[in-house]
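Student: Have a look at this one.
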Protein chains: 2
Amino acid sequence: MSDIHELTRQLQKSNGSKIVMLVADGLGGLPLEPGGKTELETAKTPNLDKLAARSSLGLSTPVLPGITPGSGPGHLGLFGYDPLKYQIGRGVLEALGIDFDLGPNDVAIRGNFCTLDAAGNITDRRAGRIDSDRAAPLCEKLNKIKVPGVEVFVRHVKEYRLVIVLRGEGLGGNVDDTDPQKTGVAPLDPVGKDAASKKTAEAASSFLKQAREILKNDAPANFLTLRGIDKKPTIPTFQEVYGTKAGAIAVYPMYRGLARLVAMDILDAGQTLADQCTRLEAAWNDYDFFFMHFKYTDKCGEDGDFNKKAKMIEDLDAVIPRITALKPDVLIVTGDHSTPAKMQAHSWHPVPTLLASDLARFDKADKFGEAACRTGSLGNFEAKHLMLLALAHAGRLEKYGA
Amino acid sequence: MSDIHELTRQLQKSNGSKIVMLVADGLGGLPLEPGGKTELETAKTPNLDKLAARSSLGLSTPVLPGITPGSGPGHLGLFGYDPLKYQIGRGVLEALGIDFDLGPNDVAIRGNFCTLDAAGNITDRRAGRIDSDRAAPLCEKLNKIKVPGVEVFVRHVKEYRLVIVLRGEGLGGNVDDTDPQKTGVAPLDPVGKDAASKKTAEAASSFLKQAREILKNDAPANFLTLRGIDKKPTIPTFQEVYGTKAGAIAVYPMYRGLARLVAMDILDAGQTLADQCTRLEAAWNDYDFFFMHFKYTDKCGEDGDFNKKAKMIEDLDAVIPRITALKPDVLIVTGDHSTPAKMQAHSWHPVPTLLASDLARFDKADKFGEAACRTGSLGNFEAKHLMLLALAHAGRLEKYGA
């Protein structure tokens, strides 16, 4: 019984309770001056503080101590899936990021437009970073390519970046990048590492041959390289492992995509926190579990804007009463990782987390923040165990063993 | 990706940062009177306390809760190697303890002189605990033994204890002890458990046959038994798994040996903490990571001398300014296990640990000690994860996943 989900499959039960997991992306932070206050500690958060007083608190380790997660591993952990077991390829994540609904027969590929010289060698691996207005029509041209036995989808992402999806029976996801990672040489041919992936490589070669012809007059974007070629991982569904019907309310496509990976229903989230709350209220009776995602804490952290990150936390705080008014049996506020404005990047620091429930031991903190969470009842816990705590406090797990 | 080092191989990067891991052997303790202060809490440690104020604190579990480690597992854990995966045989540890540089073709054996009666049965398993002056020349005689196809090294350790190393291609390490663990019976013959180890057993038999003849007039040390027969474990190098060049500054041979197991460079440590600091200063530009080992905390703990252990901690405290003056990006102070003077032995109690770095969340403790570490940001962590934290705070790990 080494797998968490072997346990939850066995112990799950339904009781009509409701769980809300509110994920403030990159919530955890650092003080600007060593020893000062973090973004969360700086923000005025009367509603979160009131909630913290009747919560168990703790610090969540997304992957392992010291390991900085990307958004994929960060969210898989929160959903209770071991992020070291389930790995998401770069192409898959890129497809999720544009809301492309990947199926089991799809191989997702990240494409980069590049520039070739007359000899066929790469002179610019990002095609002069051409803008989206120029790149999008090229993607539409490439989207018309036909490969026998395989459906081809080409979607523009941003500037020189695109997604290619090859759909067909028996296509493998184990194909090397064609980007040689340097200029002055030709792009590599796609090489499959097993029988199924050789089939993928053949389809990719056919695609590239046609693409070369189609783009020949479109310098600087007169060719493209393929990277992060992969199928979406085989992940058991949220419903199956936990017995809860889950809805995702996320404004950004990437996070809808991550929720879709575990087969949550994707609800229309609108554009703002207010829209998200309205959707939560409207869908309240239809789901057992709600994943609400708030992006801007991470974004301001990445931008290095400490004050704006604190302000975003205050915006989040302002909608808390709309959520608590619904009287969820369990309300969790956490993040998928830390994004200290000081570092302008994701970090490994454990993430402040509160779990509000009438069955929680209240830590009686007077402020929701890293320092209070440090001494909370949940301790330093692994993110992948948070779902167990959520289900337990919601009365959704039977006793283990007699 | 269940192995830590699969991750660190993938994520490691170099940036010129410096990490110092200062290991006070057996640092953790217990109060003499239940509820009182530990050795560390009793010691006056103004420098460590100042450092603690700008550190993340935590308690390190060397192997598993409740498991008391020897020096081998204790240090492997600190170096980031799972001590339940990599096991060090008793003979290997004994060889490391006398600075014997074991190679990949070496089988290390711990020998005990013993006394045989006229019938060839053991009457004393430790040869009357003969002193070193008598035992050392016997080892020199045994060192002249020739075994065809195998190089033989015999080294005296202390009193009735010695180390035998058999060096040769294809020798296995899976050979039973010849010590029958009781008197009144003959020593056992060496028995190899697989083809390679049968070859070792043959060489050992040849060695023992000659030894019996050589020692026949040296009662009470007229023979020897063989124990802990093993090869050194195959351990990936520190440099390979972390991408850091590491130097070990340890006065005691055992700890140099443990550092050598993971292929750290062994630097001349002199005899005192001051010597060690001088070496650290001299080698500062040549390494990314320094392992500094201080033995006397453990020694006084084993001796049951509470006050002297506290005094040793004060001696350690006194050199902290020489280390911080070098401005390491990360300075860790920890132990490989606890050695409470009250128990006069290693123990399972988790080990007080501080990690000082500008990127650490400061726990603002006013005293470095077990109580402060209990509520620190690092929580109760597994020793094998400490290297991940060290590398992360030093900026030496890339993000995991996109």
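Simple scheme: letters A, B, ... for chains in structure tokens order, numbers from 1 for residues in each chain, numbers from 1 for ligands in the order shown.
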I need the contact residues of chain A against chain B, so if you could list those with any atom within 7 Å, counting only C-alpha atoms, and return them as JSON, numbers by chain, that would help.
Tutor: {"A": [30, 34, 35, 65, 66, 67, 68, 69, 70, 71, 72, 73, 84, 85, 90, 374, 375, 380]}
Student: With N, CA and C atoms retained, write the just-selected residues as a CSV table (one decimal), in the first residue's frame.
Tutor:
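Output (selection34.csv):
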chain,number,residue,atom,x,y,z
A,30,LEU,N,9.2,35.6,0.7
A,30,LEU,CA,10.3,35.9,1.6
A,30,LEU,C,10.3,37.4,1.9
A,34,PRO,N,16.2,40.4,4.9
A,34,PRO,CA,16.3,39.2,5.7
A,34,PRO,C,15.7,39.5,7.1
A,35,GLY,N,14.8,38.7,7.6
A,35,GLY,CA,14.2,38.8,8.9
A,35,GLY,C,13.0,39.7,9.0
A,65,PRO,N,12.0,18.8,0.2
A,65,PRO,CA,12.7,20.0,0.7
A,65,PRO,C,13.7,20.4,-0.3
A,66,GLY,N,13.8,21.7,-0.6
A,66,GLY,CA,14.8,22.3,-1.5
A,66,GLY,C,14.5,22.2,-2.9
A,67,ILE,N,13.4,21.5,-3.3
A,67,ILE,CA,13.1,21.4,-4.7
A,67,ILE,C,12.0,22.4,-5.1
A,68,THR,N,12.4,23.2,-6.1
A,68,THR,CA,11.5,24.3,-6.6
A,68,THR,C,10.7,23.7,-7.7
A,69,PRO,N,9.3,23.7,-7.6
A,69,PRO,CA,8.5,23.0,-8.6
A,69,PRO,C,8.0,24.0,-9.7
A,70,GLY,N,7.8,23.5,-10.9
A,70,GLY,CA,7.1,24.2,-11.9
A,70,GLY,C,5.6,24.1,-11.5
A,71,SER,N,4.7,24.8,-12.3
A,71,SER,CA,3.3,24.8,-12.1
A,71,SER,C,2.7,23.4,-12.1
A,72,GLY,N,3.3,22.5,-13.0
A,72,GLY,CA,2.7,21.2,-13.2
A,72,GLY,C,2.9,20.4,-11.9
A,73,PRO,N,4.2,20.1,-11.5
A,73,PRO,CA,4.4,19.3,-10.3
A,73,PRO,C,3.7,20.0,-9.1
A,84,LEU,N,6.6,13.3,-8.2
A,84,LEU,CA,7.8,12.6,-8.7
A,84,LEU,C,7.4,11.4,-9.5
A,85,LYS,N,6.2,10.9,-9.3
A,85,LYS,CA,5.7,9.7,-10.1
A,85,LYS,C,5.1,10.1,-11.4
A,90,ARG,N,7.0,18.9,-21.5
A,90,ARG,CA,7.0,20.3,-21.8
A,90,ARG,C,5.9,20.6,-22.9
A,374,ARG,N,4.4,28.1,10.5
A,374,ARG,CA,5.6,27.4,10.9
A,374,ARG,C,5.3,26.5,12.2
A,375,THR,N,4.4,27.0,13.1
A,375,THR,CA,4.2,26.3,14.3
A,375,THR,C,2.8,25.7,14.4
A,380,ASN,N,5.2,20.7,9.0
A,380,ASN,CA,5.7,20.7,7.6
A,380,ASN,C,5.2,19.4,6.9
Student: Step one, run DSSP on the backbone; step two, keep only residues of segment 222-281 of chain B assigned to strand (DSSP E); then write them as a ChimeraX atom specification.
Tutor: /B:223-231,246-250,265-266
Student: Just the selected residues (all heavy atoms), exported as a tab-separated table (two decimals), in the first residue's frame, please.
Tutor:
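As written to disk, result-v4.tsv reads:
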chain	number	residue	atom	x	y	z
B	223	PHE	N	45.69	-16.86	17.39
B	223	PHE	CA	44.91	-16.97	16.16
B	223	PHE	C	44.03	-15.72	16.03
B	223	PHE	O	44.09	-14.81	16.88
B	223	PHE	CB	44.05	-18.25	16.16
B	223	PHE	CG	43.57	-18.65	14.78
B	223	PHE	CD1	44.42	-18.66	13.68
B	223	PHE	CD2	42.23	-18.99	14.56
B	223	PHE	CE1	43.96	-19.03	12.41
B	223	PHE	CE2	41.78	-19.36	13.30
B	223	PHE	CZ	42.63	-19.37	12.23
B	224	LEU	N	43.24	-15.69	14.99
B	224	LEU	CA	42.32	-14.55	14.82
B	224	LEU	C	41.04	-15.01	14.14
B	224	LEU	O	41.01	-16.03	13.45
B	224	LEU	CB	42.97	-13.40	14.03
B	224	LEU	CG	43.10	-13.55	12.51
B	224	LEU	CD1	43.38	-12.20	11.87
B	224	LEU	CD2	44.22	-14.54	12.15
B	225	THR	N	39.97	-14.25	14.41
B	225	THR	CA	38.71	-14.49	13.70
B	225	THR	C	38.44	-13.33	12.75
B	225	THR	O	38.98	-12.23	12.93
B	225	THR	CB	37.53	-14.62	14.68
B	225	THR	OG1	37.44	-13.41	15.46
B	225	THR	CG2	37.70	-15.82	15.61
B	226	LEU	N	37.62	-13.61	11.75
B	226	LEU	CA	37.31	-12.60	10.73
B	226	LEU	C	35.83	-12.22	10.84
B	226	LEU	O	34.97	-13.09	10.96
B	226	LEU	CB	37.58	-13.16	9.33
B	226	LEU	CG	38.97	-13.76	9.09
B	226	LEU	CD1	39.10	-14.22	7.63
B	226	LEU	CD2	40.08	-12.77	9.43
B	227	ARG	N	35.56	-10.91	10.75
B	227	ARG	CA	34.17	-10.43	10.90
B	227	ARG	C	33.89	-9.30	9.91
B	227	ARG	O	34.79	-8.62	9.44
B	227	ARG	CB	33.96	-9.88	12.30
B	227	ARG	CG	34.33	-10.86	13.38
B	227	ARG	CD	34.27	-10.22	14.75
B	227	ARG	NE	32.90	-9.84	15.07
B	227	ARG	CZ	32.54	-9.23	16.20
B	227	ARG	NH1	33.45	-8.92	17.11
B	227	ARG	NH2	31.28	-8.92	16.43
B	228	GLY	N	32.64	-9.10	9.63
B	228	GLY	CA	32.22	-7.92	8.84
B	228	GLY	C	32.88	-7.86	7.49
B	228	GLY	O	33.27	-6.79	7.02
B	229	ILE	N	33.03	-9.02	6.85
B	229	ILE	CA	33.72	-9.10	5.57
B	229	ILE	C	32.87	-8.44	4.49
B	229	ILE	O	31.73	-8.82	4.27
B	229	ILE	CB	33.97	-10.58	5.22
B	229	ILE	CG1	34.81	-11.24	6.33
B	229	ILE	CG2	34.63	-10.73	3.85
B	229	ILE	CD1	34.91	-12.75	6.25
B	230	ASP	N	33.41	-7.42	3.84
B	230	ASP	CA	32.59	-6.70	2.86
B	230	ASP	C	33.44	-5.83	1.96
B	230	ASP	O	34.54	-5.44	2.30
B	230	ASP	CB	31.55	-5.82	3.59
B	230	ASP	CG	30.26	-5.68	2.78
B	230	ASP	OD1	30.22	-6.10	1.61
B	230	ASP	OD2	29.29	-5.15	3.35
B	231	LYS	N	32.88	-5.54	0.79
B	231	LYS	CA	33.48	-4.55	-0.09
B	231	LYS	C	32.86	-3.20	0.22
B	231	LYS	O	31.79	-3.11	0.80
B	231	LYS	CB	33.22	-4.91	-1.56
B	231	LYS	CG	33.73	-6.29	-1.94
B	231	LYS	CD	33.59	-6.54	-3.42
B	231	LYS	CE	34.59	-5.70	-4.19
B	231	LYS	NZ	34.73	-6.18	-5.60
B	246	ALA	N	33.88	19.06	-3.60
B	246	ALA	CA	33.78	19.04	-2.14
B	246	ALA	C	35.10	18.69	-1.49
B	246	ALA	O	35.82	17.80	-1.94
B	246	ALA	CB	32.72	18.02	-1.72
B	247	GLY	N	35.41	19.39	-0.41
B	247	GLY	CA	36.59	19.11	0.39
B	247	GLY	C	36.18	18.78	1.83
B	247	GLY	O	35.30	19.43	2.39
B	248	ALA	N	36.82	17.75	2.39
B	248	ALA	CA	36.53	17.34	3.75
B	248	ALA	C	37.65	17.76	4.67
B	248	ALA	O	38.83	17.56	4.36
B	248	ALA	CB	36.36	15.82	3.81
B	249	ILE	N	37.28	18.38	5.79
B	249	ILE	CA	38.26	18.83	6.78
B	249	ILE	C	37.91	18.16	8.10
B	249	ILE	O	37.14	18.67	8.90
B	249	ILE	CB	38.24	20.37	6.90
B	249	ILE	CG1	38.41	21.02	5.51
B	249	ILE	CG2	39.35	20.84	7.83
B	249	ILE	CD1	38.35	22.54	5.52
B	250	ALA	N	38.49	16.98	8.31
B	250	ALA	CA	38.15	16.17	9.47
B	250	ALA	C	39.42	15.69	10.14
B	250	ALA	O	40.33	15.18	9.47
B	250	ALA	CB	37.29	14.97	9.06
B	265	ASP	N	37.39	15.36	-1.75
B	265	ASP	CA	38.83	15.51	-1.55
B	265	ASP	C	39.10	15.59	-0.04
B	265	ASP	O	38.37	16.25	0.68
B	265	ASP	CB	39.34	16.81	-2.20
B	265	ASP	CG	39.55	16.64	-3.70
B	265	ASP	OD1	39.30	15.54	-4.22
B	265	ASP	OD2	39.96	17.63	-4.35
B	266	ILE	N	40.16	14.93	0.39
B	266	ILE	CA	40.49	14.93	1.81
B	266	ILE	C	41.58	15.97	2.03
B	266	ILE	O	42.68	15.85	1.48
B	266	ILE	CB	40.97	13.54	2.26
B	266	ILE	CG1	39.97	12.47	1.82
B	266	ILE	CG2	41.21	13.53	3.77
B	266	ILE	CD1	38.56	12.65	2.35
Student: Pick out the residues sitting within 8 Å of Pro340 of chain B, and hand them over as a list in words; count only C-alpha atoms, and ignore anything fewer than 6 positions along from it in its own chain.
Tutor: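 Residues near the query, excluding close chain neighbours: Gly26, Gly28, Gly29, Leu30, Pro31, Glu39, Gly301, Glu302, Gly304, Phe306, His346 and Ser347 of chain B.
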Student: With a distance cut-off of 12 Å and only C-alpha atoms, select the neighbouring residues of Ala263 of chain A, excluding the residue or stretch itself and same-chain residues fewer than 3 positions from it, and output the selection as a list in words.
Tutor: Phe79, Asp101, Leu102, Gly103, Thr234, Ile235, Pro236, Thr237, Phe238, Gln239, Glu240, Val241, Thr244, Lys245, Ala246, Gly247, Ala248, Arg256, Gly257, Leu258, Ala259, Arg260 and Ile266 of chain A
Student: To one decimal place in Å, what is the distance between atom CA of Thr278 of chain B and atom CA of Asp317 of chain B?
Tutor: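 Separation of atom CA of Thr278 of chain B and atom CA of Asp317 of chain B: 15.8 Å.
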Student: Have a look at atom CA of Lys18 of chain A and atom CA of Gly97 of chain A and let me know their distance in Å, one decimal.
Tutor: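 Distance between the two atoms: 28.1 Å.
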Student: Looking at only C-alpha atoms, which of B:Asp177, B:Ala372, B:Tyr242, B:Met312 is the one that sits closest to Glu6 of chain B?
Tutor: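 Residue with the minimum atom-to-atom distance to Glu6 of chain B: B:Tyr242.
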Student: Could you jot down the atom CA of Pro220 of chain A to atom CA of Pro190 of chain A separation for me, Å, one decimal place?
Tutor: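 Interatomic distance here is 22.1 Å.
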Student: If you count only C-alpha atoms, which residues fall within 7 Å of Met21 of chain A, apart from same-chain ones fewer than 5 positions away, as a list of chain:residue names?
Tutor: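 The filter keeps A:Phe290, A:Phe291, A:Met292, A:Leu331, A:Ile332, A:Val333.
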Student: Could you check the closest approach to Ala318 of chain A for each of A:Gln210, A:Asn47, A:Thr297, A:Ser338 and tell me which residue wins, using only C-alpha atoms?
Tutor: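 Of all the options, A:Asn47 lies closest to Ala318 of chain A.
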Student: Between B:Lys311, B:Arg167, B:Lys327, B:His5, which has the minimum distance to Asp82 of chain B (counting only C-alpha atoms)?
Tutor: B:His5
Student: If you count only C-alpha atoms, which residues fall within 12 Å of Lys44 of chain A, apart from same-chain ones fewer than 4 positions away, as a list in words?
Tutor: Thr38, Glu39, Leu40, Leu48, Asp49, Lys50, Asn307, Lys309, Ala310, Lys311, Met312, Ile313, Glu314, Asp315, Leu316, Asp317, Ala318, Lys367, Phe368 and Gly369 of chain A
